[in-house]
Every structure is written in C-alpha cells, then in structure tokens.
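**Student:** Can you read through this structure? Questions will come right after.
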Protein chains: 2
Amino acid sequence: MNRKITLKQIAKELDVSISTVSKALKDSPEISDDTKQKIQAFAKLYNYKPNNIALSLKNRKTNTIGIIIPEIVHHFFSKVIRGVELVANQRGYNVIIGLSNESFSKEVINMEMLANGSIDGFIISISKETQQLQDYHHLTATINQGMPIVMFDRVVSEIECDKVIVNDFNGAKNAVEKLIENGCKSIALITTKDYVSVGKLRTQGYIDALSEHNLTLESNLMLKMDDTLDYEEHLDLLESEITQLFKSNQKIDGVFAVNELYALSAMKVARKLGLSVPEDLQVIGFTDGVLSKHATPGLTTVSQHAQQMGEKAAHLLIDKLESENTDQEEEYQTVVITTDLVERESTK
Amino acid sequence: MNRKITLKQIAKELDVSISTVSKALKDSPEISDDTKQKIQAFAKLYNYKPNNIALSLKNRKTNTIGIIIPEIVHHFFSKVIRGVELVANQRGYNVIIGLSNESFSKEVINMEMLANGSIDGFIISISKETQQLQDYHHLTATINQGMPIVMFDRVVSEIECDKVIVNDFNGAKNAVEKLIENGCKSIALITTKDYVSVGKLRTQGYIDALSEHNLTLESNLMLKMDDTLDYEEHLDLLESEITQLFKSNQKIDGVFAVNELYALSAMKVARKLGLSVPEDLQVIGFTDGVLSKHATPGLTTVSQHAQQMGEKAAHLLIDKLESENTDQEEEYQTVVITTDLVERESTK
DNA sequence: TTGTACGCGTTATCAT
DNA sequence: ATGATAACGCGTACAA
C-alpha cells in the first residue's frame with residue numbers, strides 16, 4: 001500500500017527543502033540541473049501528483065462545476081450532462097452532480113452543500129416545485145456570494161444570470177404549422193399545467209400558430225395534464241384523458257404534445273380507438289428522447305439538442321469563471337438553441 | 001456582493017481570536033455564554049458555513065465519491081447513478097462523475113484526475129476498450145494507493161475489490177427456460193462479441209438452458225454482433241444480420257437478446273418479414289431500459305434493477321470508507337443482485 | 001542555488 | 001475563558 005506521496009515526503013527523503021522540490025518539479029531555472037534531475041526522477045518513480053484539495057484551497061478555485069437537475073433518468077437531462085462533462089473535461093474541469101428530484105428543499109440543500117467551497121459555479125435547471133413556489137432565494141444568495149450560475153431549459157426571468165434555452169415558442173409553432181400544412185384542420189394540444197415555464201411557451205406557440213392560420217382556438221382541444229403525480233399514475237390518467245379527448249372530438253386530425261410521453265400516449269390511444277397514424281391522425285411531440293425513434297410508427301419530433309445546450313452552458317460558465325478578474329461588467333447573455341423538426345412516420 | 005465569510009473575518013470583526021470563534025460555533029463549554037451568543041448571532045447573520053475544501057484538507061477526507069461509467073445517455077447507467085446519488089446524499093457524500101465514453105485512455109485520465117485528492121473512493125463500470133485491452137493497471141494503482149474501489153456490472157475477476165453484479169447467467173437461463181416452457185423449439189440468441197463480460201455470461205446462460213432441456217445448440221442460431229461501431233451503423237448492420245438470421249432459419253420461434261436494442265430490432269425485423277409476435281415468434285431481452293415498456297408489443301425483459309445496484313455499490317463503498325480505521329481485514333464481497341423476468345406482450 | 005516564511009480555512013492541542 | 005500554534009499540502013515572495 002503506497003499511499004500518495006507529498007512534497008514534504010520527497011523533501012525529507014532527498015534531504016532538501018519542500019520549496020526546492022516544488023520548484024524542481026516545475027522546472028524552475030532557480031534550481032540546479034543536478035538537483036532537478038534527482039528530484040524529478042524520484043517524483044516520477046513514486047508517481048507524484050499534486051493534491052487537488054491543497055491546490056483548491058490555495059488558489060481558491062476548485063476547477064469543478066456543479067450541475068443541479070431535477071432528474072437524471074431522463075434522456076434530455078442525461079444528454080445535457082454529457083454535453084457539460086465533455087466541455088468541462090476539455091477545459092480542465094470536473095463535474096459534480098446534484099439531483100433535486102423535483103423537490104425544492106432538496107434543490108436548496110444540494111446547492112448549499114456544494115456552494116461551501118466545493119465548486120466554482122453552478123449549471124442548473126430548477127425543479128417543478130421551485131417553479132411553483134417561485135422561491136428563488138437560494139439562487140440569488142448564491143449569485144450574491146459571487147458564485148456564477150448558468151440556468152438552462154427551465155429558466156426564471158427574475159434571476160439575472162447567463163441562460164441557455166431552446167426556442168420553445170418557435171419550435172412549437174413550427175410543429176403546429178407543419179401539421180397545418182399537412183392538412184390538419186382540428187389540432188389538439190396535450191400540455192402541462194401552466195407553472196412549468198417551457199410548457200407555457202410551447203402552449204403559446206400552439207396558440208399563435210392556430211391564430212395566424214385563422215384556425216379557431218377551441219379550449220376543449222387543449223388538454224392540460226397535472227404532471228406532479230408519479231409516473232404510473234400519471235400514465236394511466238393521461239391515457240384516459242386522451243381517450244376522452246378523442247372520443248368527444250372526433251374531428252381531431254392532428255396532435256401536438258409538449259413532450260414525448262404525451263405524444264406516445266396519443267398514438268397509443270389512437271391505435272386503440274382504431275385511428276391510424278398518420279392517415280387519420282398526425283402527431284408531433286416536443287422531445288429529445290429515445291422513444292420517438294423506436295416507436296411504431298416513428299414519432300415526428302421537435303428536437304431540443306440537449307447535448308448542445310449542455311456544451312453551451314458549460315462554455316458560458318467557464319468563460320465567466322475565467323474572466324472574473326475583470327468584474328463590474330455584469331453582462332449576462334441568454335443563448336437560444338434552435339430546435340429542429342425531425343420528421344418520421346407520424347406525419348405525412 | 002457578500003462573499004462567503006470565514007472564521008478569520010468573524011474573529012476580526014468581533015475582536016476575538018479565530019479559535020474562540022471556532023469553539024463558540026460548535027458550542028464548546030470552554031467559551032462563555034456571552035461570547036458564544038454574540039458570535040453565533042453574528043455567524044448566523046452572515047450565514048457562516050465552514051469551507052468544505054479546508055475541511056477536506058484538514059481531515060484528509062473529501063466526503064465525495066467518484067463514479068466512472070462508459071456512458072451516461074443510457075438508462076441502465078443513469079439509473080445506477082440515481083441509486084448512488086440517493087445513498088451518497090443520505091450518508092453525507094457528494095458524487096462526482098467521470099465519463100469514459102467507452103475509451104480506455106479517457107477512463108485512465110479521469111481516474112487519475114480524481115484520485116489526486118478530489119474523492120475518497122470510486123464506483124466504476126469499466127469501458128469496453130478496457131475489457132478488450134485487459135489493462136487494469138489504473139485500477140490496481142488506485143487500490144494500492146489505499147483508495148477503495150467498487151466495481152459494478154462490468155467486472156474483472158483479476159481485481160480484488162467489492163463488486164456488485166447481476167446474476168447474468170441465471171437471468172439469461174431463466175429467460176430462455178421461459179421461452180422453452182412457452183413451447184419454443186428453436187431459439188435464437190443475439191449477443192455481443194465475447195470480450196464483454198456480461199454478454200459472455202448471458203450467452204452461457206442461453207447455452208446451459210438449451211442443453212439442460214435437451215435442445216441442440218446450433219451455432220447458426222447464435223448471432224454475435226460487434227458493438228464497437230457507432231450507433232447508427234450498428235443499428236443498420238444489426239437489422240440486416242437479423243433479417244439474414246430469420247430468413248435462413250425459418251423454424252426460429254423464439255429469440256433471446258442480451259440487450260434491449262437487439263430485442264427490439266428482432267421484433268422490428270419480424271414485423272417486416274410478416275411474423276407476428278408473440279404468435280409466430282416470442283422475444284425476451286436483457287435490459288433495464290424504457291423502450292421495452294413502450295414498444296408494441298411490449299417487450300418481455302430480464303430486469304437488472306440498476307438503481308438497486310447503484311445503491312448497493314454506494315453502501316459498500318461508504319461502509320469501507322468509514323471502517324477504514326480497522327484495516328488489515330481485507331475482506332471483499334461480491335454482491336449479486338437478482339434479476340426479475342418482467343412479462344409483457346412479446347411472450348405468450 | 002537553496003531555504004524560510006506565509007497564507008489558503010479549519011480544527012485540535014496546548015498555553016495563558 | 002480565551003488565545004496562540006501547529007498541521008493538512010501546496011506555491012511563491014523573499015531572504016540567505
């Protein structure tokens with residue numbers, strides 16, 4: 001068991017001072033070639049590596065970024081993490097994760113835990129509960145401590161910081177316009193309750209698309225699901241509500257859903273009711289998931305480019321961290337990632 | 001901008017010594033109630049929290065565990081992470097992630113980066129490339145440094161450490177036996193090349209099940225895919241190979257696949273060839289993914305309980321970390337998580 | 001050319 | 001009851 005070796009131990013072993021060792025290891029011209037060689041050889045032999053914690057303490061910089069997300073078992077978020085990790089690694093940073101599990105208190109606790117020196121900055125997408133409570137004191141507190149934050153996807157206008165979002169409004173609008181172009185006359189919307197920021201924007205895109213094409217907005221074509229239930233419960237309720245929706249509005253020939261699960265459920269219910277997709281009913285979902293690709297028929301989706309969002313968020317954060325010498329110019333930017341419509345078999 | 005306050009600053013502000021502040025904040029009986037109150041109130045006001053990095057340095061303990069995985073955009077691994085994070089948080093630890101992206105060198109670099117003081121121990125599932133190269137020096141080096149490792153899923157017998165695995169052999173065997181019970185006479189296997197440890201074990205389970213039930217093992221019913229290609233390429237090749245398999249062996253009435261993608265592809269190809277599942281062909285896949293549940297028909301699977309694996313791995317690691325006072329009794333355990341057969345519509 | 005001293009923030013031990 | 005000091009591991013300004 002060869003515990004990690006320290007400068008001190010090398011110094012003692014070679015009978016020189018600690019600073020001599022330190023300098024020798026970074027090839028300082030102050031040290032004679034002789035001793036340099038001796039020390040470097042010894043260090044190599046014992047595989048010396050400086051201790052990160054000591055460096056962090058000394059430099060007041062951990063080279064670690066924290067990412068706080070509501071859920072990790074979710075394609076969108078895991079892709080974002082991949083993007084963050086990719087860029088972080090390239091630029092010499094580590095990534096530490098905190099899961100809020102959609103809970104406000106876990107989000108707060110997690111952030112406080114990490115903010116006490118463990119990391120240099122946050123990348124965060126807030127929990128549903130936080131969005132409902134509209135309590136952002138933990139975010140402002142963190143920012144006030146001089147720790148930069150980058151928010152992504154679920155973003156809050158009250159907080160001043162860098163943000164990375166998707167053009168939810170336009171993405172949704174384009175999707176609905178696609179349905180209209182494809183001949184749909186009666187398009188249903190399946191969305192979440194309004195407090196979820198992204199759901200709201202996508203709903204607005206749907207509304208605008210309809211009105212711009214002179215289609216009347218019918219409130220009974222808009223299904224708003226409560227997504228605070230657990231998965232199974234949610235799924236059951238979802239299917240019964242969609243069944244209800246289709247049965248009481250037989251003219252429906254298009255569906256726009258704000259996420260993958262809703263879109264898939266719509267297709268499933270359609271099949272049960274004997275409607276064929278895309279002939280009788282065309283479906284588009286907003287998502288970056290795997291299910292769409294493997295569904296039958298393949299689901300046409302609005303792709304969110306999650307990994308790209310993660311990459312951009314990481315760049316923004318690290319840029320801020322590494323320019324923090326020149327403070328005062330508190331210029332925050334909001335980067336909008338453009339969505340793409342990925343056409344599969346659920347549309348004509 | 002209220003930067004984080006330190007003991008030193010409090011001491012200066014209240015005109016006492018640093019150690020007085022430190023003691024007062026932990027309610028030491030050495031300090032008079034008067035000063036304690038004063039100091040505690042002040043600390044509360046400025047929201048004092050001890051700096052984690054300083055504590056880590058002093059205690060030589062970071063209370064952080066590192067998890068190294070090949071890929072995060074994968075249901076199995078993200079569920080494992082969720083399990084690890086859950087337990088880690090409960091027990092006062094943070095989690096830092098490193099992605100190897102199935103590359104040996106990235107795995108090594110990541111581990112070295114974290115091993116220099118950033119974390120107390122590792123939870124790891126090694127990359128395919130590492131399995132191929134059979135180079136485990138980074139693992140032994142880490143262990144020799146006194147840093148505990150827990151391996152999960154993709155495990156190596158040459159390395160002595162705690163391990164968490166799934167009963168790949170039995171899970172596969174049970175699945176194939178299920179097919180046999182359901183009347184299948186000619187069961188195909190879709191698996192990976194042999195160097196992937198889990199694929200090997202599952203293949204062995206298939207072989208044993210057949211031989212125990214006196215079914216002859218036919219090598220042309222065993223399709224071994226090379227999974228080092230990229231996703232799209234892999235998928236295309238997969239489908240053509242499966243098509244080939246089905247066409248040249250028309251008697252096939254059952255398929256056991258070592259992962260979700262292979263099973264789904266089998267169903268897809270079957271549909272194209274006009275075979276109906278489960279009437280003409282029954283399919284079971286080894287997986288913990290989302291696709292199975294939402295496939296049509298729903299795919300019967302061998303569930304791996306990924307989250308439970310993560311939880312167990314975290315407990316093992318933390319147990320070891322917190323008992324390390326009493327060394328010498330180097331007792332390592334291998335925990336086997338039992339798989340379940342989740343029956344859906346792809347079997348009778 | 002090498003070594004000493006200090007500081008990063010904290011706690012524990014040992015004075016006063 | 002309070003304070004000074006050392007130590008965790010490192011780097012660097014300054015002294016020898």
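Please note that chains go A, B, ... in the order of the structure tokens, that every chain numbers its residues from 1, and that ligands are numbered from 1 in the order shown.
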Identify all chain D residues at most 7 Å from chain B by counting only C-alpha atoms (C1' of nucleotides); ligands do not count. Present them as a PyMOL selection string.
**Tutor:** chain D and resi 1-3+8
**Student:** If you run DSSP on this backbone, which residues of stretch 126-169 of chain B come out as helix (DSSP H, G or I), and could you give them as a list of chain:residue names?
**Tutor:**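 The helix (DSSP H, G or I) subset of stretch 126-169 of chain B is B:Lys128, B:Glu129, B:Thr130, B:Gln131, B:Gln132, B:Leu133, B:His137, B:His138, B:Leu139, B:Thr140, B:Ala141, B:Thr142, B:Ile143, B:Asn144, B:Asp168, B:Phe169.
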**Student:** Take the residues from that selection and write them out as a short mmCIF file (atom, residue, chain, number, x, y, z; two decimals), in the first residue's frame, keeping N, CA and C atoms.
**Tutor:**
```
data_model
loop_
_atom_site.label_atom_id
_atom_site.label_comp_id
_atom_site.auth_asym_id
_atom_site.auth_seq_id
_atom_site.Cartn_x
_atom_site.Cartn_y
_atom_site.Cartn_z
N LYS B 128 -15.59 -0.73 -22.60
CA LYS B 128 -15.39 -1.89 -23.47
C LYS B 128 -13.93 -2.01 -23.87
N GLU B 129 -13.33 -0.85 -24.16
CA GLU B 129 -11.93 -0.89 -24.60
C GLU B 129 -11.03 -1.45 -23.51
N THR B 130 -11.32 -1.07 -22.28
CA THR B 130 -10.53 -1.60 -21.17
C THR B 130 -10.69 -3.11 -21.08
N GLN B 131 -11.91 -3.57 -21.31
CA GLN B 131 -12.14 -5.01 -21.28
C GLN B 131 -11.37 -5.73 -22.39
N GLN B 132 -11.32 -5.08 -23.53
CA GLN B 132 -10.59 -5.68 -24.64
C GLN B 132 -9.09 -5.73 -24.38
N LEU B 133 -8.57 -4.60 -23.93
CA LEU B 133 -7.13 -4.50 -23.69
C LEU B 133 -6.70 -5.31 -22.48
N HIS B 137 -4.09 -1.60 -14.95
CA HIS B 137 -3.09 -1.01 -14.06
C HIS B 137 -3.63 0.18 -13.29
N HIS B 138 -4.53 0.94 -13.93
CA HIS B 138 -5.07 2.12 -13.24
C HIS B 138 -5.93 1.71 -12.05
N LEU B 139 -6.54 0.55 -12.16
CA LEU B 139 -7.35 0.08 -11.04
C LEU B 139 -6.46 -0.40 -9.89
N THR B 140 -5.48 -1.20 -10.22
CA THR B 140 -4.59 -1.68 -9.16
C THR B 140 -3.83 -0.53 -8.53
N ALA B 141 -3.38 0.41 -9.37
CA ALA B 141 -2.65 1.55 -8.82
C ALA B 141 -3.51 2.30 -7.82
N THR B 142 -4.76 2.52 -8.18
CA THR B 142 -5.67 3.25 -7.29
C THR B 142 -5.85 2.51 -5.97
N ILE B 143 -6.08 1.22 -6.09
CA ILE B 143 -6.28 0.42 -4.88
C ILE B 143 -5.02 0.42 -4.02
N ASN B 144 -3.86 0.33 -4.68
CA ASN B 144 -2.60 0.34 -3.92
C ASN B 144 -2.38 1.64 -3.17
N ASP B 168 -26.19 -12.46 -14.25
CA ASP B 168 -26.36 -12.50 -15.71
C ASP B 168 -26.63 -13.92 -16.20
N PHE B 169 -25.87 -14.82 -15.66
CA PHE B 169 -26.03 -16.22 -16.09
C PHE B 169 -27.44 -16.74 -15.81
#
```
**Student:** Excluding B:Leu264 and any residue of its chain fewer than 6 positions from it, enumerate the residues within 9 Å of it, using only C-alpha atoms (C1' of nucleotides), and give them as a PDB file with N, CA and C atoms, in the first residue's frame.
**Tutor:**
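Result file part.pdb:
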```pdb
ATOM      1  N   HIS A 294     -37.802   4.782 -31.884  1.00  0.00           N
ATOM      2  CA  HIS A 294     -38.141   3.366 -31.910  1.00  0.00           C
ATOM      3  C   HIS A 294     -39.626   3.079 -31.844  1.00  0.00           C
TER       4      HIS A 294
ATOM      5  N   ALA B 257     -32.301 -11.946 -26.531  1.00  0.00           N
ATOM      6  CA  ALA B 257     -31.315 -10.929 -26.883  1.00  0.00           C
ATOM      7  C   ALA B 257     -30.660 -10.396 -25.616  1.00  0.00           C
ATOM      8  N   VAL B 283     -40.153 -13.142 -27.957  1.00  0.00           N
ATOM      9  CA  VAL B 283     -38.890 -12.422 -27.767  1.00  0.00           C
ATOM     10  C   VAL B 283     -38.701 -11.997 -26.312  1.00  0.00           C
ATOM     11  N   GLY B 285     -35.715  -9.814 -23.924  1.00  0.00           N
ATOM     12  CA  GLY B 285     -34.461  -9.065 -23.927  1.00  0.00           C
ATOM     13  C   GLY B 285     -33.938  -8.863 -22.519  1.00  0.00           C
ATOM     14  N   LEU B 291     -37.437   1.551 -23.456  1.00  0.00           N
ATOM     15  CA  LEU B 291     -38.030   1.203 -24.735  1.00  0.00           C
ATOM     16  C   LEU B 291     -38.975   0.012 -24.613  1.00  0.00           C
ATOM     17  N   SER B 292     -38.608  -0.952 -23.814  1.00  0.00           N
ATOM     18  CA  SER B 292     -39.370  -2.192 -23.692  1.00  0.00           C
ATOM     19  C   SER B 292     -40.817  -1.939 -23.316  1.00  0.00           C
ATOM     20  N   ALA B 295     -42.716  -0.300 -26.221  1.00  0.00           N
ATOM     21  CA  ALA B 295     -42.692  -0.939 -27.534  1.00  0.00           C
ATOM     22  C   ALA B 295     -44.051  -1.573 -27.821  1.00  0.00           C
ATOM     23  N   LEU B 299     -42.211  -5.427 -24.669  1.00  0.00           N
ATOM     24  CA  LEU B 299     -41.168  -6.454 -24.686  1.00  0.00           C
ATOM     25  C   LEU B 299     -40.975  -7.081 -23.299  1.00  0.00           C
TER      26      LEU B 299
END
```
**Student:** Using only C-alpha atoms (C1' of nucleotides), which residues of chain C come within 9 Å of chain B, and what is the closest atom pair for each, with the distance in Å to one decimal? Give it as CSV, sorted by chain and residue number.
**Tutor:**
```
residue,atom,partner,partner_atom,distance
C:DC8,C1',B:Ala54,CA,8.2
C:DG9,C1',B:Ala54,CA,5.0
C:DT10,C1',B:Ala54,CA,5.6
C:DT11,C1',B:Lys58,CA,7.7
```
**Student:** Based on the selection just made, write C-alpha atoms (C1' of nucleotides) of those residues as a PDB file, in the first residue's frame.
**Tutor:**
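As written to disk, part_23.pdb reads:
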```pdb
ATOM      1  C1'  DC C   8      -5.397  29.452   1.834  1.00  0.00           C
ATOM      2  C1'  DG C   9      -9.623  27.968   6.201  1.00  0.00           C
ATOM      3  C1'  DT C  10     -10.200  24.843   9.571  1.00  0.00           C
ATOM      4  C1'  DT C  11      -9.663  22.279  13.987  1.00  0.00           C
TER       5       DT C  11
END
```
**Student:** With 9 Å as the cut-off and only C-alpha atoms counted, what is the closest atom pair between each nearby residue of chain B and chain A? Distances in Å to one decimal, ordered by chain and number, as a Markdown table.
**Tutor:**
```
| residue | atom | partner | partner_atom | distance |
| --- | --- | --- | --- | --- |
| B:Met1 | CA | A:Asn144 | CA | 4.7 |
| B:Asn2 | CA | A:Gln145 | CA | 5.1 |
| B:Arg3 | CA | A:Gln145 | CA | 4.4 |
| B:Lys4 | CA | A:Gln145 | CA | 5.9 |
| B:Lys49 | CA | A:Asn116 | CA | 6.6 |
| B:Pro50 | CA | A:Asn116 | CA | 6.9 |
| B:Asn51 | CA | A:Asn116 | CA | 5.2 |
| B:Asn52 | CA | A:Gly117 | CA | 5.4 |
| B:Ile53 | CA | A:Gly117 | CA | 5.8 |
| B:Ala54 | CA | A:Leu57 | CA | 6.3 |
| B:Ser56 | CA | A:Ile53 | CA | 7.1 |
| B:Leu57 | CA | A:Ile53 | CA | 6.1 |
| B:Thr62 | CA | A:Ile53 | CA | 8.5 |
| B:Gly66 | CA | A:Ile96 | CA | 8.9 |
| B:Glu71 | CA | A:Arg82 | CA | 8.3 |
| B:Ile72 | CA | A:Ser78 | CA | 6.1 |
| B:Val73 | CA | A:Ser78 | CA | 5.3 |
| B:His74 | CA | A:His75 | CA | 7.9 |
| B:His75 | CA | A:Val73 | CA | 6.5 |
| B:Phe76 | CA | A:Val73 | CA | 8.8 |
| B:Phe77 | CA | A:Val73 | CA | 8.7 |
| B:Ser78 | CA | A:Val73 | CA | 5.3 |
| B:Lys79 | CA | A:Val73 | CA | 5.8 |
| B:Ile81 | CA | A:Ile72 | CA | 7.8 |
| B:Arg82 | CA | A:Ile72 | CA | 6.6 |
| B:Glu85 | CA | A:Leu99 | CA | 7.6 |
| B:Leu86 | CA | A:Leu99 | CA | 8.5 |
| B:Asn89 | CA | A:Asn110 | CA | 8.7 |
| B:Asn94 | CA | A:Ile96 | CA | 7.5 |
| B:Val95 | CA | A:Ile96 | CA | 5.9 |
| B:Ile96 | CA | A:Ile96 | CA | 4.1 |
| B:Ile97 | CA | A:Val95 | CA | 6.0 |
| B:Gly98 | CA | A:Val95 | CA | 7.6 |
| B:Leu99 | CA | A:Glu85 | CA | 7.5 |
| B:Asn110 | CA | A:Asn89 | CA | 8.7 |
| B:Met113 | CA | A:Asn52 | CA | 8.6 |
| B:Leu114 | CA | A:Asn94 | CA | 8.3 |
| B:Ala115 | CA | A:Asn52 | CA | 8.9 |
| B:Asn116 | CA | A:Asn51 | CA | 5.2 |
| B:Gly117 | CA | A:Asn51 | CA | 5.4 |
| B:Ser118 | CA | A:Asn52 | CA | 6.0 |
| B:Ala141 | CA | A:Asn2 | CA | 8.9 |
| B:Ile143 | CA | A:Met1 | CA | 8.0 |
| B:Asn144 | CA | A:Met1 | CA | 4.7 |
| B:Gln145 | CA | A:Arg3 | CA | 4.5 |
| B:Gly146 | CA | A:Arg3 | CA | 6.0 |
| B:Met147 | CA | A:Arg3 | CA | 8.7 |
| B:Leu264 | CA | A:His294 | CA | 8.2 |
| B:Val290 | CA | A:Leu291 | CA | 7.6 |
| B:Leu291 | CA | A:Leu291 | CA | 6.1 |
| B:His294 | CA | A:Leu291 | CA | 7.5 |
| B:Ala295 | CA | A:Ala295 | CA | 6.5 |
| B:Thr296 | CA | A:Thr296 | CA | 7.2 |
```
**Student:** State, in Å with one decimal place, the distance from atom CA of B:Gly289 to atom CA of B:Glu260.
**Tutor:**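 Between these atoms lies a distance of 6.8 Å.
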**Student:** Go ahead and compute the interatomic distance for atom CA of B:Ser240 and atom CA of B:Glu181, in Å to one decimal.
**Tutor:**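 We find that atom CA of B:Ser240 and atom CA of B:Glu181 lie 29.2 Å from each other.
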**Student:** Which residues are close to B:Gly254, i.e. within 8 Å by only C-alpha atoms (C1' of nucleotides), leaving aside same-chain residues fewer than 5 positions away? Reply as a compact mmCIF listing (two decimals) with N, CA and C atoms, in the first residue's frame.
**Tutor:**
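This is the output file around.txt:
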```
# COMPACT_ATOMS: atom_id res chain seq x y z
N LEU B 179 -38.91 -19.27 -22.45
CA LEU B 179 -39.25 -19.48 -23.86
C LEU B 179 -39.53 -20.96 -24.13
N CYS B 184 -41.29 -22.88 -27.26
CA CYS B 184 -40.33 -22.62 -28.33
C CYS B 184 -39.41 -23.83 -28.53
N LYS B 185 -39.18 -24.17 -29.77
CA LYS B 185 -38.33 -25.32 -30.09
C LYS B 185 -36.98 -24.89 -30.68
N SER B 186 -37.00 -23.72 -31.28
CA SER B 186 -35.79 -23.26 -31.95
C SER B 186 -35.53 -21.80 -31.56
N ILE B 187 -34.64 -21.67 -30.60
CA ILE B 187 -34.43 -20.35 -30.01
C ILE B 187 -33.12 -19.73 -30.46
N ALA B 188 -33.23 -18.53 -31.00
CA ALA B 188 -32.03 -17.84 -31.45
C ALA B 188 -31.47 -16.96 -30.34
N LEU B 281 -43.38 -15.80 -33.09
CA LEU B 281 -42.05 -15.59 -32.54
C LEU B 281 -42.16 -14.92 -31.18
N GLN B 282 -41.53 -15.52 -30.18
CA GLN B 282 -41.53 -14.91 -28.86
C GLN B 282 -40.15 -14.29 -28.61
N VAL B 283 -40.15 -13.14 -27.96
CA VAL B 283 -38.89 -12.42 -27.77
C VAL B 283 -38.70 -12.00 -26.31
```
**Student:** Nearest residue to A:Ser103 out of A:Ser127, A:Tyr46, A:Val84, A:Arg202, using only C-alpha atoms?
**Tutor:**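 Smallest separation from A:Ser103 among the options: A:Ser127.
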**Student:** Compile the contact shell of C:DT13 as a list in words: residues with an atom at most 12 Å away, counting only C-alpha atoms (C1' of nucleotides), same-chain residues fewer than 6 positions apart removed.
**Tutor:**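 Counting only the stated atoms, we get Ser19 of chain B; DA4, DT5, DA6 and DA7 of chain D.
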**Student:** What would the file look like if the residues just selected were written as a PDB file, in the first residue's frame with N, CA and C atoms (P, O5', C5', C4', C3', O3' and C1' of nucleotides)?
**Tutor:**
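Result saved to part.pdb:
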```
ATOM      1  N   SER B  19      -9.668  30.893  17.112  1.00  0.00           N
ATOM      2  CA  SER B  19     -10.051  29.649  17.787  1.00  0.00           C
ATOM      3  C   SER B  19     -11.247  29.863  18.705  1.00  0.00           C
TER       4      SER B  19
ATOM      5  P    DA D   4      -3.548  35.744  20.465  1.00  0.00           P
ATOM      6  O5'  DA D   4      -2.472  34.579  20.385  1.00  0.00           O
ATOM      7  C5'  DA D   4      -1.618  34.348  21.498  1.00  0.00           C
ATOM      8  C4'  DA D   4      -0.807  33.096  21.269  1.00  0.00           C
ATOM      9  C3'  DA D   4      -0.136  33.014  19.891  1.00  0.00           C
ATOM     10  O3'  DA D   4       1.180  32.519  20.071  1.00  0.00           O
ATOM     11  C1'  DA D   4      -1.519  31.115  20.235  1.00  0.00           C
ATOM     12  P    DT D   5       2.126  32.274  18.830  1.00  0.00           P
ATOM     13  O5'  DT D   5       1.819  30.748  18.493  1.00  0.00           O
ATOM     14  C5'  DT D   5       1.950  29.770  19.534  1.00  0.00           C
ATOM     15  C4'  DT D   5       1.926  28.379  18.920  1.00  0.00           C
ATOM     16  C3'  DT D   5       2.520  28.294  17.511  1.00  0.00           C
ATOM     17  O3'  DT D   5       3.307  27.125  17.444  1.00  0.00           O
ATOM     18  C1'  DT D   5       0.314  27.451  17.486  1.00  0.00           C
ATOM     19  P    DA D   6       4.227  26.848  16.205  1.00  0.00           P
ATOM     20  O5'  DA D   6       3.629  25.439  15.739  1.00  0.00           O
ATOM     21  C5'  DA D   6       3.275  24.466  16.718  1.00  0.00           C
ATOM     22  C4'  DA D   6       2.450  23.371  16.067  1.00  0.00           C
ATOM     23  C3'  DA D   6       2.928  22.975  14.664  1.00  0.00           C
ATOM     24  O3'  DA D   6       2.811  21.571  14.544  1.00  0.00           O
ATOM     25  C1'  DA D   6       0.683  23.656  14.549  1.00  0.00           C
ATOM     26  P    DA D   7       3.722  20.820  13.438  1.00  0.00           P
ATOM     27  O5'  DA D   7       2.618  20.201  12.481  1.00  0.00           O
ATOM     28  C5'  DA D   7       1.555  19.407  13.029  1.00  0.00           C
ATOM     29  C4'  DA D   7       0.401  19.428  12.051  1.00  0.00           C
ATOM     30  C3'  DA D   7       0.828  19.337  10.578  1.00  0.00           C
ATOM     31  O3'  DA D   7       0.463  18.072  10.060  1.00  0.00           O
ATOM     32  C1'  DA D   7      -0.907  20.945  10.937  1.00  0.00           C
TER      33       DA D   7
END
```
